[in-house]
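Undergrad: Contents of upload_19.txt (compact mmCIF, C-alpha atoms) are below:
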# COMPACT_ATOMS: atom_id res chain seq x y z
CA MET T 173 -11.59 140.35 96.09
CA ARG T 174 -7.81 140.57 96.29
CA ILE T 175 -6.50 142.78 99.07
CA PHE T 176 -3.14 144.39 99.81
CA ASP T 177 -3.00 145.87 103.32
CA PRO T 178 -0.38 148.61 102.94
CA HIS T 179 0.01 149.27 106.68
CA ILE T 180 -0.40 146.55 109.30
CA HIS T 181 1.75 145.59 112.30
CA MET T 182 1.63 141.80 112.04
CA THR T 183 4.26 141.34 114.75
CA SER T 184 1.45 142.21 117.17
CA ARG T 185 -1.03 139.75 115.67
CA THR T 186 -1.61 136.01 115.94
CA THR T 187 -1.62 133.31 113.28
CA ASP T 188 -5.43 133.28 113.62
CA ASP T 189 -5.34 136.75 112.12
CA TYR T 190 -3.19 135.60 109.21
CA GLU T 191 -5.66 132.78 108.60
CA ALA T 192 -8.70 135.10 108.73
CA MET T 193 -6.96 137.68 106.54
CA HIS T 194 -6.19 135.10 103.86
CA ALA T 195 -9.79 133.87 103.96
CA ALA T 196 -10.94 137.49 103.49
CA GLY T 197 -8.77 137.94 100.40
CA VAL T 198 -5.59 139.48 101.81
CA ARG T 199 -2.65 138.30 99.71
CA ALA T 200 -0.04 140.93 100.52
CA VAL T 201 0.88 143.18 103.45
CA VAL T 202 3.43 145.86 104.24
CA GLU T 203 4.51 146.09 107.87
CA PRO T 204 5.97 149.45 108.86
CA ALA T 205 8.42 149.65 111.74
CA PHE T 206 6.83 151.53 114.62
CA TRP T 207 6.67 152.14 118.34
CA LEU T 208 6.06 148.93 120.31
CA GLY T 209 4.26 150.47 123.27
CA GLN T 210 7.10 149.65 125.62
CA PRO T 211 9.75 152.31 125.04
CA ARG T 212 13.02 151.05 123.61
CA THR T 213 16.20 151.98 125.40
CA SER T 214 18.87 151.35 122.78
CA PRO T 215 19.44 150.97 119.03
CA ALA T 216 20.05 147.24 119.58
CA SER T 217 16.35 146.60 120.16
CA PHE T 218 15.55 148.35 116.88
CA LEU T 219 17.99 146.10 115.05
CA ASP T 220 16.48 142.90 116.44
CA TYR T 221 13.06 144.27 115.47
CA PHE T 222 14.21 145.11 111.94
CA ASP T 223 15.65 141.60 111.62
CA SER T 224 12.31 140.20 112.74
CA LEU T 225 10.45 142.26 110.10
CA LEU T 226 12.83 140.93 107.46
CA GLY T 227 13.01 137.32 108.62
CA TRP T 228 10.56 135.84 111.05
CA GLU T 229 7.49 137.81 109.99
CA PRO T 230 7.71 137.07 106.23
CA PHE T 231 8.23 133.45 107.24
CA ARG T 232 5.05 133.50 109.33
CA ALA T 233 3.08 135.27 106.58
CA ALA T 234 4.20 132.77 103.95
CA GLN T 235 2.71 129.93 106.03
CA TYR T 236 -0.66 131.55 105.29
CA GLY T 237 -0.09 132.43 101.65
CA ILE T 238 0.53 136.14 102.23
CA ALA T 239 3.44 138.13 100.76
CA HIS T 240 5.11 140.26 103.44
CA HIS T 241 7.29 143.33 102.91
CA CYS T 242 8.31 146.01 105.39
CA THR T 243 9.23 149.65 105.76
CA LEU T 244 11.99 150.56 108.21
CA ALA T 245 12.62 153.75 110.18
CA LEU T 246 13.02 155.42 113.52
CA ASN T 247 9.40 156.17 114.45
CA PRO T 248 8.33 159.75 115.32
CA LYS T 249 7.68 159.13 118.99
CA GLU T 250 11.05 157.55 119.75
CA ALA T 251 12.82 160.17 117.65
CA ASN T 252 12.51 162.23 120.85
CA ASP T 253 14.59 159.79 122.90
CA PRO T 254 18.35 160.35 122.58
CA ARG T 255 18.90 156.70 123.58
CA CYS T 256 17.16 155.68 120.34
CA THR T 257 18.29 158.20 117.74
CA PRO T 258 21.66 156.51 117.02
CA VAL T 259 19.66 153.90 115.10
CA LEU T 260 19.61 156.48 112.29
CA HIS T 261 23.26 155.56 111.67
CA GLU T 262 22.32 151.87 111.31
CA LEU T 263 19.42 152.41 108.91
CA PRO T 264 21.45 152.68 105.68
CA ARG T 265 22.68 149.09 105.86
CA TYR T 266 19.09 147.90 106.40
CA LEU T 267 17.52 150.02 103.67
CA VAL T 268 19.41 148.09 100.98
CA LYS T 269 17.66 144.83 101.85
CA ASP T 270 15.36 143.18 99.29
CA ARG T 271 12.07 143.25 101.17
CA VAL T 272 12.33 146.85 102.38
CA VAL T 273 9.91 148.73 100.13
CA ALA T 274 9.92 152.17 101.80
CA VAL T 275 11.28 154.24 104.64
CA GLY T 276 8.63 154.45 107.36
CA GLU T 277 6.75 155.17 109.39
CA ILE T 278 8.27 158.57 109.78
CA GLY T 279 6.55 161.89 110.48
CA TYR T 280 5.37 163.79 113.52
CA ASP T 281 4.06 162.83 116.93
CA ALA T 282 4.32 165.94 119.14
CA MET T 283 5.98 168.14 116.48
CA THR T 284 9.25 168.71 118.33
CA PRO T 285 12.62 169.86 116.93
CA ALA T 286 13.94 166.30 117.39
CA GLU T 287 11.09 165.03 115.19
CA ASP T 288 11.86 167.69 112.56
CA LYS T 289 15.39 166.40 112.37
CA ALA T 290 14.51 162.70 112.22
CA LEU T 291 11.92 163.35 109.51
CA ALA T 292 14.31 165.37 107.34
CA VAL T 293 17.17 162.88 107.78
CA GLN T 294 14.97 159.92 106.87
CA LEU T 295 13.39 161.60 103.83
CA GLN T 296 16.95 162.09 102.61
CA LEU T 297 17.70 158.41 103.32
CA ALA T 298 14.68 157.45 101.22
CA ALA T 299 15.90 159.63 98.35
CA ASP T 300 19.41 158.21 98.65
CA HIS T 301 18.14 154.62 98.52
CA GLY T 302 15.61 155.04 95.73
CA LEU T 303 12.78 154.26 98.14
CA PRO T 304 9.41 155.93 98.68
CA ALA T 305 8.40 157.01 102.20
CA LEU T 306 5.44 156.18 104.41
CA VAL T 307 4.62 159.21 106.55
CA HIS T 308 2.38 159.04 109.59
CA THR T 309 0.32 162.15 110.42
CA PRO T 310 -0.02 162.99 114.11
CA HIS T 311 -3.04 162.23 116.24
CA ARG T 312 -2.94 165.59 117.97
CA ASP T 313 -3.11 168.83 115.95
CA LYS T 314 -3.38 166.78 112.76
CA LEU T 315 -3.93 169.52 110.18
CA THR T 316 -0.98 171.55 111.45
CA GLY T 317 1.03 168.32 111.45
CA LEU T 318 0.07 167.60 107.85
CA ARG T 319 1.09 171.08 106.71
CA ARG T 320 4.40 170.88 108.53
CA THR T 321 4.96 167.39 107.08
CA LEU T 322 4.31 168.59 103.54
CA ASP T 323 6.62 171.57 104.07
CA VAL T 324 9.45 169.25 105.13
CA VAL T 325 8.75 166.94 102.18
CA ARG T 326 8.87 169.87 99.74
CA GLU T 327 12.22 170.93 101.17
CA SER T 328 13.55 167.38 100.88
CA ALA T 329 15.18 165.56 97.99
CA LEU T 330 12.25 163.14 97.82
CA PRO T 331 9.56 164.04 95.26
CA VAL T 332 6.12 164.35 96.83
CA ASP T 333 4.74 161.70 94.46
CA ARG T 334 6.97 159.18 96.24
CA VAL T 335 5.36 159.91 99.61
CA LEU T 336 2.36 158.15 101.15
CA VAL T 337 0.78 160.29 103.87
CA ASP T 338 -1.25 158.08 106.18
CA HIS T 339 -3.98 158.41 108.83
CA LEU T 340 -5.79 161.07 106.80
CA ASN T 341 -9.34 162.16 107.55
CA GLU T 342 -12.00 164.64 106.47
CA THR T 343 -10.01 167.67 107.61
CA THR T 344 -6.70 166.72 105.99
CA VAL T 345 -7.64 164.92 102.76
CA ARG T 346 -8.07 168.02 100.60
CA GLU T 347 -4.68 169.56 101.30
CA ALA T 348 -2.98 166.18 101.08
CA LYS T 349 -4.60 165.45 97.69
CA ASP T 350 -3.70 168.89 96.35
CA SER T 351 -0.06 168.31 97.32
CA GLY T 352 0.27 165.36 94.93
CA CYS T 353 1.18 162.77 97.58
CA TRP T 354 -0.42 159.34 97.92
CA LEU T 355 -3.36 159.27 100.32
CA GLY T 356 -3.53 156.70 103.12
CA PHE T 357 -6.54 156.06 105.36
CA SER T 358 -6.35 153.84 108.44
CA VAL T 359 -9.70 152.28 109.18
CA TYR T 360 -10.09 151.48 112.87
CA PRO T 361 -12.96 150.07 114.96
CA ASP T 362 -13.26 153.65 116.20
CA THR T 363 -11.20 156.86 116.26
CA LYS T 364 -9.31 157.71 113.07
CA MET T 365 -11.69 156.50 110.34
CA ASP T 366 -14.47 153.99 109.84
CA GLU T 367 -15.65 152.21 106.71
CA ARG T 368 -18.73 154.37 106.21
CA ARG T 369 -16.75 157.60 106.37
CA MET T 370 -14.11 155.99 104.15
CA VAL T 371 -16.64 155.24 101.43
CA ALA T 372 -18.01 158.79 101.68
CA LEU T 373 -14.48 160.14 101.19
CA LEU T 374 -13.93 157.87 98.19
CA ARG T 375 -17.12 159.21 96.68
CA ALA T 376 -16.09 162.82 97.32
CA TYR T 377 -12.43 162.62 96.33
CA GLY T 378 -12.25 159.63 94.00
CA PRO T 379 -10.05 156.53 94.18
CA GLU T 380 -6.93 158.02 92.56
CA ARG T 381 -3.82 157.49 94.71
CA VAL T 382 -6.00 156.32 97.63
CA LEU T 383 -4.80 153.46 99.83
CA VAL T 384 -6.85 151.91 102.63
CA ASP T 385 -5.18 150.08 105.51
CA SER T 386 -6.14 148.55 108.84
CA ALA T 387 -3.01 149.73 110.68
CA ALA T 388 -3.84 146.83 112.99
CA ASP T 389 -1.41 146.53 115.89
CA TRP T 390 -1.38 145.81 119.63
CA GLY T 391 -4.17 148.31 120.28
CA ARG T 392 -7.87 148.13 119.54
CA SER T 393 -7.84 147.39 115.82
CA ASP T 394 -9.15 144.95 113.23
CA PRO T 395 -7.03 143.33 110.49
CA LEU T 396 -10.15 142.71 108.38
CA LYS T 397 -11.11 146.39 108.03
CA THR T 398 -9.75 146.48 104.49
CA ARG T 399 -12.26 143.82 103.48
CA ARG T 400 -15.08 145.68 105.28
CA VAL T 401 -14.30 148.76 103.18
CA GLY T 402 -14.32 146.71 99.97
CA ASP T 403 -17.67 145.15 100.87
CA LEU T 404 -19.21 148.52 101.69
CA MET T 405 -17.85 150.05 98.47
CA LEU T 406 -19.64 147.37 96.47
CA ALA T 407 -22.83 147.77 98.50
CA GLU T 408 -22.73 151.51 97.88
CA GLY T 409 -22.41 151.24 94.12
CA PHE T 410 -18.67 151.22 93.45
CA THR T 411 -17.55 148.71 90.83
CA GLU T 412 -15.33 145.70 91.40
CA ASP T 413 -12.70 147.55 89.38
CA ASP T 414 -12.86 150.50 91.81
CA VAL T 415 -12.41 148.12 94.73
CA ASP T 416 -9.49 146.39 93.04
CA ARG T 417 -7.89 149.72 92.33
CA VAL T 418 -8.08 150.93 95.94
CA LEU T 419 -7.36 147.65 97.69
CA TRP T 420 -4.80 146.19 95.29
CA ARG T 421 -3.50 148.22 92.36
CA ASN T 422 -2.86 151.47 94.26
CA PRO T 423 -0.70 149.86 96.99
CA VAL T 424 1.09 147.79 94.34
CA ALA T 425 1.81 150.98 92.39
CA PHE T 426 3.02 152.90 95.44
CA TYR T 427 5.31 150.28 96.95
CA GLY T 428 6.28 149.22 93.43
CA LEU T 429 8.14 152.53 93.27
CA SER T 430 10.84 150.75 95.30
CA GLY T 431 11.43 148.30 92.45
CA ARG T 432 11.47 145.56 95.08
CA LEU T 433 7.88 144.39 95.35
CA ASP T 434 7.66 140.61 94.86
CA LEU T 435 4.09 139.39 95.20
CA GLU T 436 4.78 135.73 94.54
CA VAL T 437 4.45 133.83 97.79
CA ALA T 438 7.14 131.18 97.72
CA ALA T 439 6.35 127.78 99.18
CA PRO T 440 7.09 128.36 102.84
CA ASP T 441 10.13 126.82 104.39
CA ALA T 442 9.48 124.47 107.28
CA THR T 443 11.70 126.51 109.55
CA HIS T 444 13.29 129.93 109.86
CA GLU T 445 16.81 129.83 111.27
CA GLY T 446 15.93 126.45 112.74
CA ASN T 447 12.66 127.56 114.33
CA SER T 448 9.11 126.75 113.31
CA LEU T 449 5.68 127.97 114.35
CA LEU T 450 5.16 124.66 116.15
CA ARG T 451 5.90 125.09 119.80
CA GLY T 452 8.21 122.44 121.13
CA GLY T 453 8.57 120.77 117.76
CA GLU T 454 11.69 122.55 116.64
CA GLY M 1335 11.67 172.52 155.90
CA LYS M 1336 10.08 169.18 155.98
CA PRO M 1337 10.89 166.62 158.62
CA SER M 1338 13.59 164.21 157.50
CA GLN M 1339 12.86 160.57 157.09
CA PRO M 1340 14.05 158.62 160.11
CA GLY M 1341 17.43 157.09 159.58
CA MET M 1342 18.31 159.06 156.49
CA ILE M 1343 19.12 162.65 157.20
CA GLY M 1344 19.43 163.89 160.72
CA GLY M 1345 17.68 160.87 162.12
CA GLY M 1346 20.79 159.93 163.99
CA THR M 1347 20.40 156.20 163.68
CA ARG M 1348 22.17 155.30 160.42
CA GLY M 1349 23.51 157.97 158.13
CA ALA M 1350 25.16 161.15 159.25
CA PRO M 1351 24.16 164.56 157.94
CA GLY M 1352 26.21 165.56 154.95
CA LYS M 1353 27.16 162.02 154.04
CA ARG M 1354 24.45 161.83 151.41
CA SER M 1355 25.12 163.81 148.27
CA GLY M 1356 22.48 166.32 147.44
CA ALA M 1357 21.67 166.80 151.08
CA GLY M 1358 19.16 169.54 151.48
CA ALA M 1359 16.62 168.19 149.02
CA PRO M 1360 13.97 166.08 150.69
CA PRO M 1361 14.45 162.39 149.92
CA PRO M 1362 11.84 160.78 147.68
CA GLY M 1363 9.71 158.09 149.20
CA PRO M 1364 6.41 157.45 150.89
CA GLY M 1365 5.05 160.58 152.41
CA HIS M 1366 7.13 162.73 150.09
CA PRO M 1367 5.26 163.01 146.80
CA PRO M 1368 6.94 165.20 144.20
CA PRO M 1369 5.98 168.69 145.37
CA ARG M 1370 6.18 170.38 141.96
CA PRO M 1371 3.39 169.97 139.42
CA ALA M 1372 4.72 168.86 136.05
CA ALA M 1373 3.14 171.90 134.42
CA ARG M 1374 5.91 174.04 135.87
CA HIS M 1375 8.45 172.12 133.80
CA LEU M 1376 6.68 172.22 130.47
CA ASP M 1377 7.22 174.96 127.93
CA ALA M 1378 4.19 176.22 126.06
CA HIS M 1379 4.36 173.73 123.16
CA PRO M 1380 4.61 170.48 125.16
CA TRP M 1381 2.13 171.85 127.70
CA ARG M 1382 -0.48 172.42 124.96
CA HIS M 1383 0.14 168.90 123.67
CA ALA M 1384 -0.27 167.56 127.21
CA VAL M 1385 -3.64 169.29 127.49
CA LEU M 1386 -4.72 167.84 124.13
CA LYS M 1387 -3.50 164.43 125.27
CA CYS M 1388 -5.83 164.70 128.28
CA LEU M 1389 -8.74 165.35 125.90
CA PHE M 1390 -7.74 162.41 123.69
CA THR M 1391 -7.43 159.96 126.53
CA GLY M 1392 -10.31 161.15 128.68
CA VAL M 1393 -8.18 162.40 131.57
CA PRO M 1394 -10.23 165.14 133.27
CA VAL M 1395 -8.55 168.48 132.61
CA ASP M 1396 -9.10 169.35 136.27
CA ALA M 1397 -5.91 167.32 136.77
CA VAL M 1398 -3.89 169.97 134.94
CA ALA M 1399 -2.14 172.28 137.39
CA ARG M 1400 -2.85 175.99 136.96
CA LEU M 1401 -4.99 175.26 133.92
CA ALA M 1402 -6.98 178.49 134.04
CA ASP M 1403 -3.87 180.66 134.50
CA ARG M 1404 -1.96 179.10 131.67
CA ALA M 1405 -4.89 178.80 129.26
CA ARG M 1406 -5.95 182.42 129.61
CA GLY M 1407 -5.19 184.31 126.41
CA ASP M 1408 -3.40 181.32 124.82
CA GLY M 1409 -4.46 181.83 121.21
CA GLU M 1410 -2.41 178.88 119.95
CA LEU M 1411 -4.10 176.53 122.41
CA ALA M 1412 -7.46 177.94 121.31
CA ARG M 1413 -6.57 177.24 117.69
CA MET M 1414 -5.54 173.66 118.46
CA LEU M 1415 -8.76 173.06 120.39
CA THR M 1416 -10.88 174.59 117.64
CA ASP M 1417 -9.16 172.43 115.00
CA HIS M 1418 -9.69 169.35 117.13
CA ALA M 1419 -13.37 170.20 117.55
CA ALA M 1420 -13.66 170.64 113.78
CA GLU M 1421 -12.00 167.27 113.22
CA ARG M 1422 -14.41 165.53 115.60
CA THR M 1423 -17.39 167.29 114.03
CA ALA M 1424 -16.28 166.37 110.51
CA ALA M 1425 -16.06 162.76 111.65
CA GLY M 1426 -19.60 162.91 113.02
CA ARG M 1427 -18.34 162.52 116.57
CA ALA M 1428 -19.15 164.42 119.73
CA VAL M 1429 -16.91 167.21 120.98
CA PRO M 1430 -15.74 166.46 124.55
CA GLU M 1431 -17.22 168.78 127.18
CA ASP M 1432 -13.74 169.36 128.58
CA LEU M 1433 -12.65 170.79 125.21
CA ARG M 1434 -15.33 173.48 125.43
CA HIS M 1435 -14.31 174.12 129.02
CA VAL M 1436 -10.64 174.69 128.17
CA LEU M 1437 -11.54 176.71 125.09
CA ALA M 1438 -13.66 178.98 127.29
CA LEU M 1439 -10.69 179.40 129.63
CA THR M 1440 -8.56 180.66 126.76
CA GLY M 1441 -11.08 183.43 126.24
CA ALA M 1442 -11.77 182.39 122.64
CA VAL M 1443 -15.26 181.97 121.26
CA PRO M 1444 -16.70 178.58 122.19
CA ALA M 1445 -16.63 175.70 119.75
CA PRO M 1446 -19.82 175.21 117.77
CA SER M 1447 -22.25 173.01 119.61
CA SER M 1448 -24.00 171.90 116.43
CA ALA M 1449 -21.96 168.73 116.06
CA PRO M 1450 -24.12 165.82 115.03
CA SER M 1451 -24.47 163.35 117.86
CA PRO M 1452 -24.05 160.02 116.09
CA ALA M 1453 -25.71 157.07 117.70
CA ALA M 1454 -22.60 155.01 117.15
CA ASP M 1455 -20.46 157.28 119.27
CA HIS M 1456 -20.80 155.90 122.75
CA SER M 1457 -18.18 158.07 124.33
CA SER M 1458 -16.72 161.50 124.09
CA THR M 1459 -13.22 160.08 124.39
CA ASP M 1460 -11.27 158.08 121.90
CA HIS M 1461 -11.10 154.74 123.68
CA PRO M 1462 -7.47 155.73 123.68
CA HIS M 1463 -5.54 153.79 121.20
CA GLY M 1464 -2.06 153.26 122.55
CA LYS M 1465 -0.46 155.33 119.87
CA GLU M 1466 -2.51 158.35 120.94
CA SER M 1467 -0.25 158.77 123.91
Would it be possible to restate this file's structure as structure tokens?

TA:
Amino acid sequence: MRIFDPHIHMTSRTTDDYEAMHAAGVRAVVEPAFWLGQPRTSPASFLDYFDSLLGWEPFRAAQYGIAHHCTLALNPKEANDPRCTPVLHELPRYLVKDRVVAVGEIGYDAMTPAEDKALAVQLQLAADHGLPALVHTPHRDKLTGLRRTLDVVRESALPVDRVLVDHLNETTVREAKDSGCWLGFSVYPDTKMDERRMVALLRAYGPERVLVDSAADWGRSDPLKTRRVGDLMLAEGFTEDDVDRVLWRNPVAFYGLSGRLDLEVAAPDATHEGNSLLRGGE
Amino acid sequence: GKPSQPGMIGGGTRGAPGKRSGAGAPPPGPGHPPPRPAARHLDAHPWRHAVLKCLFTGVPVDAVARLADRARGDGELARMLTDHAAERTAAGRAVPEDLRHVLALTGAVPAPSSAPSPAADHSSTDHPHGKES
């Protein structure tokens, strides 16, 4: 089983996770820029983070045979902090970089006017840079958030078939599917979605344009949830081709819209900017 | 007003009255908790989100100042609560008791109580994932 996790925050994970993910079949990941838990206080900390997603993290992933790409953006939560929003002016010079395969995660957190603005600006940036967009749907008031998200997308220059709407569930999947966007499901140990519900949704709505991710990060999460979904799909009568479609070909097709996806994992360098994973050695 | 903290305003040992800018407001510090509940500073939209955030993270809604007053007749809050109950029910998860309580305060019809009670759901809260907040 080959697996592409289209949404995972590897910066928050250990090398043990990379090792376990490779053993489970994960060969490619996309790491979206997001909120780090500790609020940022200036654009400079975004830029160091973006550099890390473009440099150090692909270097770490390559040590374990995993291709790493990223999506960059001002996340919805910090779009409300005027100390952070100037990073929007810095994004264009980052969005031209080779391993940036989308703008994201963008979308709504508390559905404020500041979030409206950041979402619209960044959808335009995606259109301007020939990139698709990864859009997070809010935890609170999710269905309203989805509808407002789709309204903003329809008003934007970015075609809806270049948008992946993530963190969907039973109450939002129908409207999202009808809109023509790509459908993302984050499978967590609890909350958002679990593997059993995921398989039920695949049975009800089919595998077309469906992506399954772990969204693993610094919170309670599991980077092997993609594999768990694949295993349960097979146990429940889906074919290996169905599994490959959902866990590999769909994410390849979506992020391939950027024209930048490179799934060959080059032989890893011993060091990145003079530093290795070996403490004290370099 | 409130008694001044010794040595700060009118205490006569260190600072003189009027030297400190903003004199007249009680100084923050031990014994002077912020007197104004945050609810007074929130417009309707962020207040509703704050109430939902309590439900997501398992903070008892009793902590919300003037909850009954503000919830009464709030149709938008009722809609958000009803949608959230529907989302939990569709996921096979329990609807938090506090949600029904707040929904009742709005004056709307209570959420359906027919939600399946899945054995796997050990809690009515979300084990708050950090990004919920």

Undergrad: Could you check the closest approach to chain T for each of M:Asp1408, M:Asp1377, M:Asp1417, M:Asp1403 and tell me which residue wins, using all atoms listed in the file?

TA: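 Between M:Asp1408, M:Asp1377, M:Asp1417, M:Asp1403, the residue approaching chain T most closely is M:Asp1417.
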
Undergrad: Residues of chain T that approach chain M to 7 Å or less, counting all atoms listed in the file: could you list each one with the shortest pair of atoms and its distance in Å to one decimal, rows by chain and increasing residue number, as a Markdown table?

TA:
| residue | atom | partner | partner_atom | distance |
| --- | --- | --- | --- | --- |
| T:Gly209 | CA | M:Gly1464 | CA | 6.9 |
| T:Ala282 | CA | M:His1383 | CA | 6.8 |
| T:His311 | CA | M:Glu1466 | CA | 6.1 |
| T:Arg312 | CA | M:Leu1386 | CA | 6.8 |
| T:Asp313 | CA | M:Met1414 | CA | 6.0 |
| T:Glu342 | CA | M:Ala1424 | CA | 6.1 |
| T:Thr343 | CA | M:Glu1421 | CA | 6.0 |
| T:Thr363 | CA | M:Asp1460 | CA | 5.8 |
| T:Gly391 | CA | M:His1463 | CA | 5.7 |
| T:Arg392 | CA | M:His1463 | CA | 6.3 |

Undergrad: Could you work out how far CA of Val268 (chain T) lies from CA of Val293 (chain T), giving the answer in Å with one decimal?

TA: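 Spanning CA of Val293 (chain T) to CA of Val268 (chain T) is a straight-line distance of 16.4 Å.
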
Undergrad: Residues proximal to (3.9, 135.0, 103.6) were defined as those with any atom within 10 Å of that point in the file's coordinates, counting only C-alpha atoms. Which are they, as number ranges by chain?

TA: T: 190, 199-201, 229-241, 435-440

Undergrad: Determine the nearest neighbour of Thr257 (chain T) from the options T:Gly402, T:Gly446, T:Pro215, T:Gly227, counting all atoms listed in the file.

TA: T:Pro215

Undergrad: Would you mind reading off the distance between CA of Leu226 (chain T) and CA of Glu287 (chain T), one decimal, in Å?

TA: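 Straight-line distance from CA of Leu226 (chain T) to CA of Glu287 (chain T) works out to 25.4 Å.
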
Undergrad: As JSON, please: the centre and edge lengths in Å, to one decimal, of an axis-aligned box enclosing every listed atom of region 212-231 of chain T with 3 Å added on each side.

TA:
{"center_x": 13.8, "center_y": 142.7, "center_z": 115.8, "size_x": 18.6, "size_y": 24.5, "size_z": 25.2}

Undergrad: Do you know which residues lie at most 12 Å from (-0.5, 182.1, 126.1), with coordinates as in the file and all atoms listed in the file counted, and could you write them as a ChimeraX atom specification?

TA: /M:1377-1379,1381-1382,1401-1413,1439-1442
